[in-house]
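Engineer: Input: one structure, supplied below.
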Amino acid sequence: MDVIVLGAGIIGVTTAWYLRQNGHNVRVLERREQAGLETSFANAGQVSAHLADPWANPTTLRSVFTWLFRDDTPLVFRPRADIHQWSWLFKFLRECPASRYNRNLVHLANLGVYSRTALQALRAQTGIEYDERQRGILLFFTEEDKLRGAAAAAKRLAASGLRREVLDADQCLEIEPSLQSVRDALKGGIYSRYDETGDAFKFTQRLAALARDAGVRFDYGNDIRRVDVGGGAIRAIDVQKADGRTERYTADQYVLCLGPASARMARKIGVDLDIYPVKGYSVTMPVREGALAVSMGLTDAAQKMAFSRLGDRVRATAIAEIAGYDRSIDQKRCRQIVANAQRLFPDALDTGRAEYWAGLRPMTPSNLPIIGRNGRYRNLLINTGHGTIGWTQSCGSARAIADILEGRRPDCDYPFIGEMR
Ligand SMILES: Cc1cc2nc3c(=O)[nH]c(=O)nc-3n(C[C@H](O)[C@H](O)[C@H](O)COP(=O)(O)OP(=O)(O)OC[C@H]3O[C@@H](n4cnc5c(N)ncnc54)[C@H](O)[C@@H]3O)c2cc1C
């Protein structure tokens, strides 16, 4: 079949890869000049199947009203005159109670584990390298009561297949010696030894190159302006080229992978996707030679910050701003991230060469990405809304789409949308 994939972020590129592996003729349409230049560019780098909690949870519900209207909290709400923003927030709050949270958490973990297995197989098949490390992720605590809560949850979640080990402070220092700087305050941590880290942008670019070698056609500089529909199907995609020319592409099947731009594009053809952008920041800093800095995936529970070691760099990320589609970089926010990283790894980071970045997470209220066939158009598949953990879920979501296109139910207990036919 001829398939057009819309968007070349990590989700579009992995989708193209798995479709090509199944023998389809695949074309990817992307407005930027390369793959992975938007949300997939500089994320936290954590491939986190076992430690990824939905952001909509009972704790968020308790703190939300203090968080939402202040400027110095991990979650910031900047109200806009946008009905979609308010409706998304309302639905997000509806996902917070324990019953919804538990259900969402298990679905996320199922997809995460399925995805990590797919990533491992892809790595073995292609030898792809992307500053990956298989040393696990450690969520560390400096507050006793928070650690106790997380330890109780870890025990409870073991029954649902989530593998989280509770460590005391000494055990944390043993696996991550760079935590020495907080030794006195450190209470312990939750360790997911089967999780991984790696540079999502390198992965996206290198997989795009492999896919191109395997026959996928990447058409960059194509801004999708219109999806032409009729008779219950997608008829064509109209794009505008960098030089202003327009062109029309057709295929048998179409897969929507436009990240934060997905909801607006889908709305134009009457498809409602509950996705809203949630902005986050990252700072990437070189590690000074011989210095002691994070060596794995690390999350500071108190500061709500995530760190990854990516080769000779450290990536530090934080913050969630529900503030519309603005991607501008607030220098103050980034300096705050640098200060926290320096406190944790004193003298280890070359902050003079820090690279600041901001990206928009394509978030659904439940944190669950929307994957499957759209009911309204018989040749439209959706693979988007990966929010906080699109890197983690990329290979699994893409493999699932490739199965669904063949009419097979993916081997993963997850609420895929639409019928399998
Ligand atoms: C601060 C931060 C930290 C994160 N940390 C992690 C992490 O540790 N682990 C993890 O698993 N995930 C993490 N994520 C989430 C992850 O980065 C995203 O879920 C993922 O990158 C989304 O990929 P995507 O392909 O859907 O979107 P994108 O990468 O944005 O790709 C969408 C593509 O569509 C293209 N496009 C849009 N509109 C058009 C158009 N009209 N015409 C043509 N092309 C178009 C865009 O140019 C873009 O290339 C983080 C995100 C942020 C912001």
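In the structure tokens, each chain is lettered A, B, ... as it comes, each chain's residues begin at 1, and ligands are numbered from 1 in order of appearance.
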Show which residues sit within 9 Å of A:Gly36, as an mmCIF file with N, CA and C atoms, in the first residue's frame. Count only C-alpha atoms, and ignore same-chain residues fewer than 6 positions away.

Structural biologist:
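Wrote it out as part.cif, contents follow:
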```cif
data_model
loop_
_atom_site.group_PDB
_atom_site.id
_atom_site.type_symbol
_atom_site.label_atom_id
_atom_site.label_comp_id
_atom_site.auth_asym_id
_atom_site.auth_seq_id
_atom_site.Cartn_x
_atom_site.Cartn_y
_atom_site.Cartn_z
ATOM 1 N N ALA A 8 7.417 14.440 10.920
ATOM 2 C CA ALA A 8 8.649 13.650 11.113
ATOM 3 C C ALA A 8 9.290 13.939 12.460
ATOM 4 N N GLY A 9 8.460 13.903 13.517
ATOM 5 C CA GLY A 9 9.014 13.864 14.868
ATOM 6 C C GLY A 9 9.359 12.409 15.159
ATOM 7 N N ILE A 10 9.655 12.109 16.417
ATOM 8 C CA ILE A 10 10.026 10.730 16.750
ATOM 9 C C ILE A 10 8.871 9.769 16.444
ATOM 10 N N VAL A 13 8.646 9.307 12.490
ATOM 11 C CA VAL A 13 9.790 8.556 11.944
ATOM 12 C C VAL A 13 9.700 7.070 12.329
ATOM 13 N N ALA A 200 16.859 11.356 22.231
ATOM 14 C CA ALA A 200 15.729 11.124 21.317
ATOM 15 C C ALA A 200 15.972 11.761 19.950
ATOM 16 N N PHE A 201 16.649 12.904 19.930
ATOM 17 C CA PHE A 201 16.886 13.581 18.649
ATOM 18 C C PHE A 201 17.860 12.772 17.792
ATOM 19 N N LYS A 202 18.957 12.312 18.418
ATOM 20 C CA LYS A 202 19.908 11.479 17.660
ATOM 21 C C LYS A 202 19.210 10.239 17.125
ATOM 22 N N THR A 204 16.029 9.836 16.470
ATOM 23 C CA THR A 204 15.085 10.192 15.400
ATOM 24 C C THR A 204 15.833 10.403 14.085
ATOM 25 N N GLN A 205 16.907 11.163 14.162
ATOM 26 C CA GLN A 205 17.660 11.474 12.938
ATOM 27 C C GLN A 205 18.289 10.210 12.342
#
```

Engineer: Quick check for you: according to DSSP on this backbone, which residues of stretch 355-410 of chain A are classed as strand (DSSP E or B)? Reply as number ranges by chain.

Structural biologist: A: 355-363, 370-373, 380-384

Engineer: If you keep N, CA and C atoms, can you produce a file of those selected residues as a PDB file, in the first residue's frame?

Structural biologist:
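Heads up, here's the output in out_38.pdb:
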```pdb
ATOM      1  N   GLU A 355      22.968  24.886  26.692  1.00  0.00           N
ATOM      2  CA  GLU A 355      22.028  25.150  25.579  1.00  0.00           C
ATOM      3  C   GLU A 355      20.604  25.103  26.117  1.00  0.00           C
ATOM      4  N   TYR A 356      19.889  26.206  25.919  1.00  0.00           N
ATOM      5  CA  TYR A 356      18.521  26.302  26.410  1.00  0.00           C
ATOM      6  C   TYR A 356      17.537  25.877  25.312  1.00  0.00           C
ATOM      7  N   TRP A 357      16.443  25.264  25.749  1.00  0.00           N
ATOM      8  CA  TRP A 357      15.429  24.812  24.778  1.00  0.00           C
ATOM      9  C   TRP A 357      14.053  24.782  25.441  1.00  0.00           C
ATOM     10  N   ALA A 358      13.027  25.019  24.644  1.00  0.00           N
ATOM     11  CA  ALA A 358      11.646  24.827  25.132  1.00  0.00           C
ATOM     12  C   ALA A 358      10.865  24.051  24.076  1.00  0.00           C
ATOM     13  N   GLY A 359      10.010  23.157  24.529  1.00  0.00           N
ATOM     14  CA  GLY A 359       9.212  22.359  23.591  1.00  0.00           C
ATOM     15  C   GLY A 359       7.793  22.172  24.126  1.00  0.00           C
ATOM     16  N   LEU A 360       6.894  21.811  23.224  1.00  0.00           N
ATOM     17  CA  LEU A 360       5.481  21.634  23.592  1.00  0.00           C
ATOM     18  C   LEU A 360       5.125  20.155  23.619  1.00  0.00           C
ATOM     19  N   ARG A 361       4.769  19.667  24.788  1.00  0.00           N
ATOM     20  CA  ARG A 361       4.324  18.269  24.881  1.00  0.00           C
ATOM     21  C   ARG A 361       2.904  18.166  24.329  1.00  0.00           C
ATOM     22  N   PRO A 362       2.668  17.248  23.404  1.00  0.00           N
ATOM     23  CA  PRO A 362       1.285  17.087  22.905  1.00  0.00           C
ATOM     24  C   PRO A 362       0.493  16.218  23.877  1.00  0.00           C
ATOM     25  N   MET A 363      -0.178  16.866  24.836  1.00  0.00           N
ATOM     26  CA  MET A 363      -0.747  16.136  25.977  1.00  0.00           C
ATOM     27  C   MET A 363      -2.226  15.827  25.826  1.00  0.00           C
ATOM     28  N   ILE A 370      -3.180   8.755  21.639  1.00  0.00           N
ATOM     29  CA  ILE A 370      -4.316   8.296  20.826  1.00  0.00           C
ATOM     30  C   ILE A 370      -3.745   7.502  19.651  1.00  0.00           C
ATOM     31  N   ILE A 371      -4.007   6.204  19.659  1.00  0.00           N
ATOM     32  CA  ILE A 371      -3.385   5.323  18.660  1.00  0.00           C
ATOM     33  C   ILE A 371      -4.463   4.439  18.039  1.00  0.00           C
ATOM     34  N   GLY A 372      -4.541   4.436  16.730  1.00  0.00           N
ATOM     35  CA  GLY A 372      -5.469   3.511  16.071  1.00  0.00           C
ATOM     36  C   GLY A 372      -6.150   4.131  14.881  1.00  0.00           C
ATOM     37  N   ARG A 373      -7.244   3.502  14.477  1.00  0.00           N
ATOM     38  CA  ARG A 373      -7.994   3.971  13.311  1.00  0.00           C
ATOM     39  C   ARG A 373      -9.032   4.968  13.727  1.00  0.00           C
ATOM     40  N   LEU A 380      -7.775   6.815   7.563  1.00  0.00           N
ATOM     41  CA  LEU A 380      -6.992   7.681   8.464  1.00  0.00           C
ATOM     42  C   LEU A 380      -6.638   6.936   9.754  1.00  0.00           C
ATOM     43  N   LEU A 381      -5.341   6.894  10.042  1.00  0.00           N
ATOM     44  CA  LEU A 381      -4.883   6.352  11.329  1.00  0.00           C
ATOM     45  C   LEU A 381      -4.277   7.496  12.134  1.00  0.00           C
ATOM     46  N   ILE A 382      -4.367   7.348  13.459  1.00  0.00           N
ATOM     47  CA  ILE A 382      -3.872   8.408  14.348  1.00  0.00           C
ATOM     48  C   ILE A 382      -2.774   7.826  15.223  1.00  0.00           C
ATOM     49  N   ASN A 383      -1.685   8.563  15.357  1.00  0.00           N
ATOM     50  CA  ASN A 383      -0.630   8.162  16.293  1.00  0.00           C
ATOM     51  C   ASN A 383      -0.055   9.443  16.879  1.00  0.00           C
ATOM     52  N   THR A 384      -0.715   9.934  17.918  1.00  0.00           N
ATOM     53  CA  THR A 384      -0.289  11.225  18.465  1.00  0.00           C
ATOM     54  C   THR A 384      -0.809  11.410  19.892  1.00  0.00           C
TER      55      THR A 384
END
```

Engineer: With a distance cut-off of 10 Å and only C-alpha atoms, select the neighbouring residues of stretch 389-391 of chain A, excluding the residue or stretch itself and same-chain residues fewer than 3 positions from it, and output the selection as a PyMOL selection string.

Structural biologist: chain A and resi 9-11+39-40+43-49+52-54+108+112+115-116+197-201+203-204+259+361-363+367-369+384-386+394-397

Engineer: Given the choices A:Pro365, A:Gly215, A:Gly232, A:Gly387, which gets closest to ligand 1 if the distance is worked out from only C-alpha atoms and all ligand atoms?

Structural biologist: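 Of all the options, A:Gly387 lies closest to ligand 1.
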
Engineer: Can you tell me which residues surround A:Phe92 at a distance of at most 7 Å, considering only C-alpha atoms, apart from same-chain residues fewer than 3 positions away, and format the answer as a PDB file with N, CA and C atoms, in the first residue's frame?

Structural biologist:
```
ATOM      1  N   ALA A  56      -2.025  13.531  35.591  1.00  0.00           N
ATOM      2  CA  ALA A  56      -3.322  13.673  36.256  1.00  0.00           C
ATOM      3  C   ALA A  56      -3.402  12.590  37.333  1.00  0.00           C
ATOM      4  N   TRP A  88      -9.786  21.296  27.948  1.00  0.00           N
ATOM      5  CA  TRP A  88      -8.726  20.320  28.214  1.00  0.00           C
ATOM      6  C   TRP A  88      -8.447  20.258  29.719  1.00  0.00           C
ATOM      7  N   LEU A  89      -8.372  21.430  30.353  1.00  0.00           N
ATOM      8  CA  LEU A  89      -8.059  21.480  31.788  1.00  0.00           C
ATOM      9  C   LEU A  89      -9.152  20.780  32.596  1.00  0.00           C
ATOM     10  N   GLU A  95      -9.491  13.321  35.171  1.00  0.00           N
ATOM     11  CA  GLU A  95      -8.643  12.113  35.158  1.00  0.00           C
ATOM     12  C   GLU A  95      -7.856  11.951  36.458  1.00  0.00           C
ATOM     13  N   CYS A  96      -7.958  12.920  37.371  1.00  0.00           N
ATOM     14  CA  CYS A  96      -7.117  12.904  38.580  1.00  0.00           C
ATOM     15  C   CYS A  96      -7.529  11.904  39.672  1.00  0.00           C
ATOM     16  N   PRO A 365      -5.533  14.607  28.262  1.00  0.00           N
ATOM     17  CA  PRO A 365      -5.832  14.746  29.692  1.00  0.00           C
ATOM     18  C   PRO A 365      -5.402  13.516  30.502  1.00  0.00           C
ATOM     19  N   SER A 366      -5.528  12.330  29.928  1.00  0.00           N
ATOM     20  CA  SER A 366      -5.226  11.097  30.662  1.00  0.00           C
ATOM     21  C   SER A 366      -3.751  10.714  30.594  1.00  0.00           C
TER      22      SER A 366
END
```

Engineer: Taking only C-alpha atoms and all ligand atoms into account, name the residue in A:Ala306, A:Ile404, A:Ala16, A:Ala169 that is nearest to ligand 1.

Structural biologist: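 Using only C-alpha atoms and all ligand atoms, the shortest distance to ligand 1 belongs to A:Ala306.
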
Engineer: For a test of reading the model, state the distance in Å between atom CA of A:Val239 and atom CA of A:Lys279, rounded to one decimal.

Structural biologist: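 Separating atom CA of A:Val239 from atom CA of A:Lys279 is a distance of 26.9 Å.
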